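Okay, work08.pdb now, which holds PDB, C-alpha atoms and all ligand atoms:
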```pdb
ATOM      1  CA  MET A  17     228.361-158.801 -94.040
ATOM      2  CA  ASN A  18     228.489-162.572 -94.678
ATOM      3  CA  SER A  19     227.806-163.196 -91.011
ATOM      4  CA  ILE A  20     224.418-161.438 -91.263
ATOM      5  CA  ASN A  21     221.601-163.901 -91.659
ATOM      6  CA  GLY A  22     219.632-163.329 -94.897
ATOM      7  CA  GLU A  23     216.270-163.920 -93.248
ATOM      8  CA  ALA A  24     217.081-161.418 -90.490
ATOM      9  CA  LEU A  25     217.996-158.864 -93.154
ATOM     10  CA  MET A  26     214.712-159.389 -94.979
ATOM     11  CA  GLN A  27     212.829-158.993 -91.697
ATOM     12  CA  ALA A  28     214.773-155.812 -90.973
ATOM     13  CA  GLN A  29     213.881-154.430 -94.405
ATOM     14  CA  SER A  30     210.234-155.306 -93.953
ATOM     15  CA  HIS A  31     210.211-153.638 -90.512
ATOM     16  CA  LEU A  32     211.844-150.561 -92.044
ATOM     17  CA  TRP A  33     209.262-150.458 -94.838
ATOM     18  CA  ASN A  34     206.448-150.753 -92.313
ATOM     19  CA  HIS A  35     207.737-147.706 -90.498
ATOM     20  CA  THR A  36     208.582-145.818 -93.684
ATOM     21  CA  PHE A  37     205.132-146.254 -95.187
ATOM     22  CA  SER A  38     202.985-146.152 -92.064
ATOM     23  CA  PHE A  39     202.067-142.543 -92.948
ATOM     24  CA  ILE A  40     199.863-144.062 -95.691
ATOM     25  CA  ASN A  41     197.423-145.210 -92.978
ATOM     26  CA  SER A  42     197.065-141.653 -91.677
ATOM     27  CA  MET A  43     196.771-140.207 -95.167
ATOM     28  CA  ALA A  44     194.191-142.787 -96.271
ATOM     29  CA  LEU A  45     192.100-141.898 -93.225
ATOM     30  CA  LYS A  46     192.508-138.165 -93.879
ATOM     31  CA  CYS A  47     191.392-138.720 -97.470
ATOM     32  CA  ALA A  48     188.306-140.654 -96.300
ATOM     33  CA  VAL A  49     187.354-137.754 -94.013
ATOM     34  CA  GLU A  50     188.033-135.169 -96.758
ATOM     35  CA  LEU A  51     185.814-137.094 -99.182
ATOM     36  CA  ALA A  52     183.202-137.533 -96.402
ATOM     37  CA  ILE A  53     183.114-141.314 -96.947
ATOM     38  CA  PRO A  54     181.806-142.068 -93.398
ATOM     39  CA  ASP A  55     178.939-139.608 -94.021
ATOM     40  CA  ALA A  56     178.118-141.152 -97.418
ATOM     41  CA  ILE A  57     177.957-144.632 -95.867
ATOM     42  CA  HIS A  58     175.881-143.342 -92.941
ATOM     43  CA  ASN A  59     173.464-141.531 -95.318
ATOM     44  CA  SER A  60     173.064-144.705 -97.382
ATOM     45  CA  GLY A  61     171.559-146.532 -94.397
ATOM     46  CA  ASN A  62     174.948-148.094 -93.560
ATOM     47  CA  ALA A  63     175.289-150.300 -96.657
ATOM     48  CA  ILE A  64     176.763-148.933 -99.871
ATOM     49  CA  THR A  65     178.413-150.582-102.877
ATOM     50  CA  LEU A  66     181.550-149.190-104.464
ATOM     51  CA  SER A  67     179.648-147.904-107.503
ATOM     52  CA  GLU A  68     177.025-146.245-105.279
ATOM     53  CA  LEU A  69     179.813-144.711-103.200
ATOM     54  CA  SER A  70     181.567-143.416-106.353
ATOM     55  CA  ALA A  71     178.314-141.813-107.469
ATOM     56  CA  ALA A  72     177.558-140.329-104.036
ATOM     57  CA  LEU A  73     181.041-138.761-103.895
ATOM     58  CA  SER A  74     181.038-137.683-107.593
ATOM     59  CA  ILE A  75     184.265-139.619-108.222
ATOM     60  CA  PRO A  76     185.075-139.720-111.978
ATOM     61  CA  PRO A  77     185.144-143.246-113.509
ATOM     62  CA  SER A  78     188.905-142.874-114.145
ATOM     63  CA  ARG A  79     189.452-142.822-110.331
ATOM     64  CA  ALA A  80     187.111-145.724-109.466
ATOM     65  CA  SER A  81     189.905-148.268-109.040
ATOM     66  CA  GLY A  82     191.726-145.802-106.751
ATOM     67  CA  LEU A  83     188.619-145.619-104.587
ATOM     68  CA  ARG A  84     188.526-149.428-104.418
ATOM     69  CA  HIS A  85     192.160-149.489-103.193
ATOM     70  CA  LEU A  86     191.440-146.784-100.641
ATOM     71  CA  MET A  87     188.406-148.672 -99.302
ATOM     72  CA  ARG A  88     190.341-151.958 -99.116
ATOM     73  CA  ARG A  89     193.074-150.314 -97.085
ATOM     74  CA  LEU A  90     190.525-148.798 -94.706
ATOM     75  CA  VAL A  91     188.732-152.147 -94.401
ATOM     76  CA  ASP A  92     192.086-153.787 -93.559
ATOM     77  CA  SER A  93     192.698-151.222 -90.828
ATOM     78  CA  GLY A  94     189.224-151.744 -89.339
ATOM     79  CA  PHE A  95     187.602-148.437 -90.294
ATOM     80  CA  PHE A  96     184.996-150.012 -92.574
ATOM     81  CA  ALA A  97     183.509-153.483 -92.931
ATOM     82  CA  ALA A  98     183.005-155.085 -96.341
ATOM     83  CA  ARG A  99     180.909-157.985 -97.552
ATOM     84  CA  ARG A 100     180.414-159.385-101.035
ATOM     85  CA  SER A 101     176.953-158.830-102.439
ATOM     86  CA  HIS A 102     175.130-159.941-105.599
ATOM     87  CA  HIS A 103     173.696-157.495-108.098
ATOM     88  CA  GLU A 104     170.444-157.925-109.857
ATOM     89  CA  LYS A 105     171.111-155.306-112.533
ATOM     90  CA  PRO A 106     172.452-157.148-115.608
ATOM     91  CA  GLU A 107     174.734-154.281-116.705
ATOM     92  CA  GLN A 108     176.712-154.426-113.419
ATOM     93  CA  GLU A 109     179.279-156.937-112.255
ATOM     94  CA  GLU A 110     177.681-159.916-110.570
ATOM     95  CA  GLU A 111     179.411-159.349-107.272
ATOM     96  CA  GLU A 112     180.482-156.157-105.614
ATOM     97  CA  ASP A 113     181.703-155.198-102.149
ATOM     98  CA  THR A 114     179.151-153.526 -99.899
ATOM     99  CA  PHE A 115     180.694-151.282 -97.279
ATOM    100  CA  SER A 116     179.403-150.363 -93.838
ATOM    101  CA  LEU A 117     180.642-148.350 -90.876
ATOM    102  CA  THR A 118     182.446-149.913 -87.926
ATOM    103  CA  THR A 119     182.668-148.389 -84.436
ATOM    104  CA  LEU A 120     185.901-146.695 -85.557
ATOM    105  CA  SER A 121     184.313-144.874 -88.484
ATOM    106  CA  SER A 122     181.029-144.189 -86.670
ATOM    107  CA  ILE A 123     182.910-141.527 -84.654
ATOM    108  CA  LEU A 124     183.834-139.798 -87.937
ATOM    109  CA  VAL A 125     180.235-139.132 -89.057
ATOM    110  CA  LYS A 126     179.792-135.361 -89.031
ATOM    111  CA  GLU A 127     176.161-135.211 -87.884
ATOM    112  CA  LYS A 128     176.952-137.082 -84.651
ATOM    113  CA  SER A 129     177.747-135.048 -81.549
ATOM    114  CA  GLU A 130     180.792-137.225 -80.766
ATOM    115  CA  CYS A 131     182.333-136.771 -84.251
ATOM    116  CA  LEU A 132     186.158-136.649 -84.219
ATOM    117  CA  SER A 133     186.644-135.759 -87.913
ATOM    118  CA  PRO A 134     187.603-132.114 -87.160
ATOM    119  CA  PHE A 135     190.281-133.328 -84.709
ATOM    120  CA  LEU A 136     191.708-135.654 -87.353
ATOM    121  CA  ALA A 137     191.575-132.887 -89.983
ATOM    122  CA  LEU A 138     193.513-130.584 -87.652
ATOM    123  CA  MET A 139     196.189-133.075 -86.644
ATOM    124  CA  LEU A 140     196.832-134.197 -90.221
ATOM    125  CA  ASP A 141     196.711-130.726 -91.745
ATOM    126  CA  GLN A 142     199.892-129.572 -93.484
ATOM    127  CA  THR A 143     200.340-126.776 -90.938
ATOM    128  CA  LEU A 144     200.735-129.289 -88.106
ATOM    129  CA  LEU A 145     202.642-131.836 -90.200
ATOM    130  CA  LYS A 146     205.310-129.364 -91.300
ATOM    131  CA  PRO A 147     206.896-129.127 -87.800
ATOM    132  CA  TRP A 148     207.457-132.903 -87.873
ATOM    133  CA  HIS A 149     209.610-132.366 -90.977
ATOM    134  CA  SER A 150     211.568-129.800 -88.970
ATOM    135  CA  LEU A 151     212.267-132.045 -85.978
ATOM    136  CA  GLY A 152     215.850-132.863 -87.073
ATOM    137  CA  ALA A 153     216.628-129.169 -87.539
ATOM    138  CA  TRP A 154     215.011-128.426 -84.158
ATOM    139  CA  PHE A 155     217.411-130.828 -82.382
ATOM    140  CA  LYS A 156     220.438-129.121 -83.940
ATOM    141  CA  GLY A 157     219.894-125.677 -82.418
ATOM    142  CA  ASP A 158     218.947-123.986 -79.154
ATOM    143  CA  GLU A 159     216.583-121.606 -80.896
ATOM    144  CA  PRO A 160     213.751-121.299 -81.695
ATOM    145  CA  PRO A 161     212.232-123.277 -78.825
ATOM    146  CA  THR A 162     209.655-125.309 -80.781
ATOM    147  CA  ALA A 163     209.625-127.332 -83.993
ATOM    148  CA  PHE A 164     206.528-125.379 -85.024
ATOM    149  CA  GLU A 165     208.598-122.216 -85.044
ATOM    150  CA  VAL A 166     211.416-123.902 -86.986
ATOM    151  CA  GLY A 167     208.888-124.905 -89.641
ATOM    152  CA  HIS A 168     206.763-121.773 -89.751
ATOM    153  CA  GLY A 169     208.887-118.955 -88.339
ATOM    154  CA  MET A 170     206.289-118.101 -85.673
ATOM    155  CA  ARG A 171     204.705-119.594 -82.574
ATOM    156  CA  ILE A 172     201.624-121.753 -82.916
ATOM    157  CA  TRP A 173     199.286-119.427 -81.019
ATOM    158  CA  ASP A 174     200.570-116.457 -83.027
ATOM    159  CA  ALA A 175     199.814-118.493 -86.168
ATOM    160  CA  THR A 176     196.202-119.067 -85.061
ATOM    161  CA  GLY A 177     195.975-115.283 -84.600
ATOM    162  CA  GLU A 178     197.479-114.584 -88.061
ATOM    163  CA  TRP A 179     195.950-117.314 -90.201
ATOM    164  CA  SER A 180     192.169-117.301 -89.893
ATOM    165  CA  GLU A 181     191.673-120.657 -91.669
ATOM    166  CA  PHE A 182     194.138-122.336 -89.306
ATOM    167  CA  ASN A 183     192.376-120.670 -86.368
ATOM    168  CA  VAL A 184     189.036-122.169 -87.478
ATOM    169  CA  LEU A 185     190.658-125.576 -88.046
ATOM    170  CA  MET A 186     192.262-125.407 -84.573
ATOM    171  CA  ASN A 187     189.089-124.319 -82.777
ATOM    172  CA  GLU A 188     186.870-126.867 -84.525
ATOM    173  CA  GLY A 189     189.444-129.639 -83.996
ATOM    174  CA  MET A 190     189.858-128.950 -80.293
ATOM    175  CA  GLU A 191     186.105-128.483 -79.832
ATOM    176  CA  SER A 192     185.388-131.897 -81.350
ATOM    177  CA  ASP A 193     187.939-133.484 -79.017
ATOM    178  CA  ALA A 194     186.393-131.662 -76.041
ATOM    179  CA  ASN A 195     182.852-132.697 -77.045
ATOM    180  CA  PHE A 196     184.061-136.270 -77.113
ATOM    181  CA  THR A 197     185.643-136.213 -73.654
ATOM    182  CA  ASN A 198     183.016-133.985 -71.985
ATOM    183  CA  LYS A 199     180.607-136.830 -71.417
ATOM    184  CA  VAL A 200     183.263-139.098 -69.916
ATOM    185  CA  LEU A 201     184.576-136.352 -67.641
ATOM    186  CA  ILE A 202     181.180-135.258 -66.371
ATOM    187  CA  GLU A 203     179.557-138.689 -66.088
ATOM    188  CA  GLY A 204     182.684-140.482 -64.848
ATOM    189  CA  CYS A 205     184.223-137.795 -62.611
ATOM    190  CA  GLY A 206     181.160-135.720 -61.648
ATOM    191  CA  GLU A 207     182.148-135.658 -57.977
ATOM    192  CA  LEU A 208     185.111-133.389 -58.901
ATOM    193  CA  PHE A 209     182.659-130.596 -59.662
ATOM    194  CA  ARG A 210     180.269-130.972 -56.728
ATOM    195  CA  GLY A 211     180.364-128.103 -54.247
ATOM    196  CA  LEU A 212     182.135-125.670 -56.576
ATOM    197  CA  GLY A 213     180.766-122.143 -56.949
ATOM    198  CA  SER A 214     183.016-121.108 -59.833
ATOM    199  CA  LEU A 215     185.409-122.657 -62.345
ATOM    200  CA  VAL A 216     187.765-121.216 -64.953
ATOM    201  CA  ASP A 217     188.692-123.275 -68.017
ATOM    202  CA  VAL A 218     192.195-122.042 -68.867
ATOM    203  CA  GLY A 219     192.914-122.228 -72.605
ATOM    204  CA  GLY A 220     189.272-123.306 -72.867
ATOM    205  CA  GLY A 221     189.051-122.686 -76.620
ATOM    206  CA  THR A 222     185.512-122.269 -77.882
ATOM    207  CA  GLY A 223     184.034-123.177 -74.497
ATOM    208  CA  SER A 224     182.659-126.623 -75.242
ATOM    209  CA  MET A 225     183.905-128.081 -71.958
ATOM    210  CA  ALA A 226     182.760-125.094 -69.875
ATOM    211  CA  ARG A 227     179.286-125.196 -71.448
ATOM    212  CA  ALA A 228     178.978-128.919 -70.676
ATOM    213  CA  VAL A 229     180.026-128.347 -67.032
ATOM    214  CA  ALA A 230     177.581-125.425 -66.707
ATOM    215  CA  GLU A 231     174.769-127.526 -68.140
ATOM    216  CA  ALA A 232     175.419-130.421 -65.760
ATOM    217  CA  PHE A 233     176.083-128.156 -62.740
ATOM    218  CA  PRO A 234     174.075-124.917 -63.245
ATOM    219  CA  GLU A 235     175.151-123.664 -59.811
ATOM    220  CA  ILE A 236     178.780-123.320 -61.061
ATOM    221  CA  LYS A 237     179.689-119.983 -62.656
ATOM    222  CA  CYS A 238     181.992-120.999 -65.507
ATOM    223  CA  THR A 239     184.559-118.789 -67.229
ATOM    224  CA  VAL A 240     186.411-119.615 -70.434
ATOM    225  CA  PHE A 241     189.806-117.959 -70.488
ATOM    226  CA  ASP A 242     191.673-117.956 -73.810
ATOM    227  CA  LEU A 243     193.548-115.696 -76.204
ATOM    228  CA  PRO A 244     191.517-112.664 -77.373
ATOM    229  CA  HIS A 245     191.256-113.857 -81.010
ATOM    230  CA  VAL A 246     189.765-117.160 -79.775
ATOM    231  CA  VAL A 247     187.169-115.760 -77.380
ATOM    232  CA  GLU A 248     186.087-112.856 -79.599
ATOM    233  CA  THR A 249     183.525-115.047 -81.386
ATOM    234  CA  PHE A 250     182.368-116.673 -78.155
ATOM    235  CA  GLU A 251     178.657-116.550 -77.365
ATOM    236  CA  ALA A 252     178.348-115.783 -73.661
ATOM    237  CA  SER A 253     175.398-117.145 -71.666
ATOM    238  CA  ALA A 254     173.984-116.695 -68.173
ATOM    239  CA  THR A 255     176.273-119.414 -66.779
ATOM    240  CA  VAL A 256     179.358-119.171 -69.040
ATOM    241  CA  GLU A 257     181.350-116.040 -69.681
ATOM    242  CA  ALA A 258     184.477-115.544 -71.783
ATOM    243  CA  VAL A 259     187.565-113.588 -70.803
ATOM    244  CA  GLY A 260     190.402-112.900 -73.257
ATOM    245  CA  GLY A 261     194.022-112.702 -72.110
ATOM    246  CA  ASP A 262     197.385-114.401 -71.744
ATOM    247  CA  PHE A 263     197.527-117.157 -69.124
ATOM    248  CA  PHE A 264     201.222-116.506 -68.573
ATOM    249  CA  LYS A 265     200.279-113.091 -67.214
ATOM    250  CA  TYR A 266     196.944-113.537 -65.489
ATOM    251  CA  ILE A 267     194.265-116.155 -64.754
ATOM    252  CA  PRO A 268     190.823-115.053 -63.497
ATOM    253  CA  PRO A 269     190.283-116.256 -59.914
ATOM    254  CA  ALA A 270     187.830-119.145 -59.335
ATOM    255  CA  ASP A 271     187.211-122.029 -56.902
ATOM    256  CA  ALA A 272     188.728-124.447 -59.464
ATOM    257  CA  THR A 273     190.937-124.232 -62.544
ATOM    258  CA  LEU A 274     190.488-126.628 -65.446
ATOM    259  CA  LEU A 275     193.367-127.131 -67.903
ATOM    260  CA  LYS A 276     192.805-129.597 -70.712
ATOM    261  CA  VAL A 277     195.538-129.891 -73.305
ATOM    262  CA  CYS A 278     196.870-132.306 -75.861
ATOM    263  CA  THR A 279     200.079-133.581 -74.246
ATOM    264  CA  GLU A 280     201.668-134.575 -77.549
ATOM    265  CA  TYR A 281     201.689-130.889 -78.458
ATOM    266  CA  LEU A 282     203.709-130.009 -75.434
ATOM    267  CA  LEU A 283     206.126-132.896 -75.667
ATOM    268  CA  HIS A 284     207.079-132.869 -79.295
ATOM    269  CA  LEU A 285     206.188-129.728 -81.091
ATOM    270  CA  PHE A 286     205.161-126.903 -78.915
ATOM    271  CA  VAL A 287     207.530-127.089 -75.983
ATOM    272  CA  MET A 288     207.078-123.907 -74.022
ATOM    273  CA  ARG A 289     209.882-121.517 -73.317
ATOM    274  CA  ASP A 290     211.588-122.202 -69.965
ATOM    275  CA  GLU A 291     210.789-118.718 -68.729
ATOM    276  CA  GLU A 292     207.087-119.281 -69.517
ATOM    277  CA  THR A 293     206.793-122.587 -67.676
ATOM    278  CA  SER A 294     208.803-121.604 -64.588
TER     279      SER A 294
HETATM  280  C1  LIG B   1     195.422-127.440 -77.286
HETATM  281  S1  LIG B   1     194.198-126.145 -77.204
HETATM  282  C2  LIG B   1     193.118-126.814 -75.965
HETATM  283  C3  LIG B   1     191.724-126.235 -76.059
HETATM  284  C4  LIG B   1     190.734-126.853 -75.063
HETATM  285  N1  LIG B   1     191.200-126.753 -73.676
HETATM  286  C5  LIG B   1     190.480-128.302 -75.408
HETATM  287  O1  LIG B   1     191.133-129.177 -74.844
HETATM  288  O2  LIG B   1     189.653-128.570 -76.284
HETATM  289  C6  LIG B   1     195.084-124.921 -76.236
HETATM  290  C7  LIG B   1     194.284-123.632 -76.037
HETATM  291  O3  LIG B   1     195.102-122.764 -75.275
HETATM  292  C8  LIG B   1     194.972-121.437 -75.791
HETATM  293  N2  LIG B   1     196.181-120.672 -75.443
HETATM  294  C9  LIG B   1     197.449-120.876 -75.895
HETATM  295  N3  LIG B   1     198.298-119.988 -75.346
HETATM  296  C10 LIG B   1     197.548-119.215 -74.505
HETATM  297  C11 LIG B   1     197.865-118.137 -73.638
HETATM  298  N4  LIG B   1     199.118-117.673 -73.525
HETATM  299  N5  LIG B   1     196.864-117.584 -72.910
HETATM  300  C12 LIG B   1     195.583-118.037 -73.027
HETATM  301  N6  LIG B   1     195.223-119.080 -73.825
HETATM  302  C13 LIG B   1     196.198-119.659 -74.558
HETATM  303  C14 LIG B   1     194.813-121.649 -77.288
HETATM  304  O4  LIG B   1     194.224-120.536 -77.950
HETATM  305  C15 LIG B   1     193.954-122.915 -77.340
HETATM  306  O5  LIG B   1     192.580-122.608 -77.388
END
```
Kindly transcribe the structure held in the file into structure tokens.
Amino acid sequence: MNSINGEALMQAQSHLWNHTFSFINSMALKCAVELAIPDAIHNSGNAITLSELSAALSIPPSRASGLRHLMRRLVDSGFFAARRSHHEKPEQEEEEDTFSLTTLSSILVKEKSECLSPFLALMLDQTLLKPWHSLGAWFKGDEPPTAFEVGHGMRIWDATGEWSEFNVLMNEGMESDANFTNKVLIEGCGELFRGLGSLVDVGGGTGSMARAVAEAFPEIKCTVFDLPHVVETFEASATVEAVGGDFFKYIPPADATLLKVCTEYLLHLFVMRDEETS
């Protein structure tokens, strides 16, 4: 023990603390989205003081200092910008921080088409965090095949079928992610779609990607293929139709197949059964 350098030990502890408490960054961001702080700043004309923000969010005075800490943390991590401003009203402190959006928080404003708040809300929801707490247990046994099942006792896509709130959270989260990447895919890789007569988006969720492809390339007949409980609320149009089913059993034929997934799902939590992937 004596041979261990004290400074190295302190650095090791600080590194450990950084990793131990890094969840606070995620949770602070989740809280900001839950409270709709990006929207409040946006609605203020992109400049809001702490007291104005407290009022806009109906935060009780007893929690005002908590809001200040939250905002400071989110300023430190680049989600908001802050500048000191003077107050003219005599009853208020002379100086107060005025907060504005940065590029990072501008993609969390709900009225914007490229808003990623629903994706963040999904990924940091307790239902998807619980499997991470089950990862150790998952490594210890051969069954069940995914950490989601260890945590919840059922498979993720059965859970979306059983739990309607989780289904909505999942569909809205994935749709916001798809809306965000649609533009890049179609504008940046448009040549992939040229010449196609038909396309099937496998596991296409609520059809955001298929609708964007059909809009950009009206000559392509697009099909969204997903589980029946996902497509049952789907609004079909002249160029996009929805088919419900299980992609392990059948995929509707088309000139091209699109499969967009979140790879982290597959790697860490929702590893498919060997017999399903073979
Ligand atoms: C990670 S989400 C991706 C959604 C969409 N492609 C996107 O990127 O926004 C995976 C989708 O696959 C669907 N899915 C999962 N298992 C399926 C199966 N066996 N057959 C058909 N669809 C399935 C889910 O309902 C979900 O909509």
Review point. Neighbours of ligand LIG 1 (chain B) within 10 Å, counting only C-alpha atoms and all ligand atoms, as number ranges by chain?
Key: A: 135, 171-174, 176-177, 183, 186-198, 217-226, 240-247, 259-267, 274-282, 286, 288, 292
Review point. How would you write as an NGL selection string the residues that get within 12 Å of (188.0, -151.9, -92.0) in the file's frame, counting only C-alpha atoms?
Key: :A and (41 or 44-45 or 54 or 86-99 or 114-122)
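Taking all atoms listed in the file into account, Lys128 in chain A lies nearest to A:Asp55 out of the set A:Leu32, A:Leu25, A:Val256, A:Asp55.
Using only C-alpha atoms for every distance, the candidate list A:Leu144, A:Cys238, A:Ala163, A:Val200 yields A:Cys238 as the residue closest to Ala252 in chain A.
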On this file, the PyMOL selection byres (((chain A and resi 168) around 10) and not hetatm) gives some set of residues; write that set as a JSON list (two decimals) with C-alpha atoms, keeping the file's coordinate frame.
```json
[["chain", "number", "residue", "atom", "x", "y", "z"],
["A", 143, "THR", "CA", 200.34, -126.78, -90.94],
["A", 144, "LEU", "CA", 200.74, -129.29, -88.11],
["A", 146, "LYS", "CA", 205.31, -129.36, -91.30],
["A", 147, "PRO", "CA", 206.90, -129.13, -87.80],
["A", 150, "SER", "CA", 211.57, -129.80, -88.97],
["A", 163, "ALA", "CA", 209.62, -127.33, -83.99],
["A", 164, "PHE", "CA", 206.53, -125.38, -85.02],
["A", 165, "GLU", "CA", 208.60, -122.22, -85.04],
["A", 166, "VAL", "CA", 211.42, -123.90, -86.99],
["A", 167, "GLY", "CA", 208.89, -124.90, -89.64],
["A", 169, "GLY", "CA", 208.89, -118.96, -88.34],
["A", 170, "MET", "CA", 206.29, -118.10, -85.67],
["A", 171, "ARG", "CA", 204.70, -119.59, -82.57],
["A", 172, "ILE", "CA", 201.62, -121.75, -82.92],
["A", 175, "ALA", "CA", 199.81, -118.49, -86.17]]
```
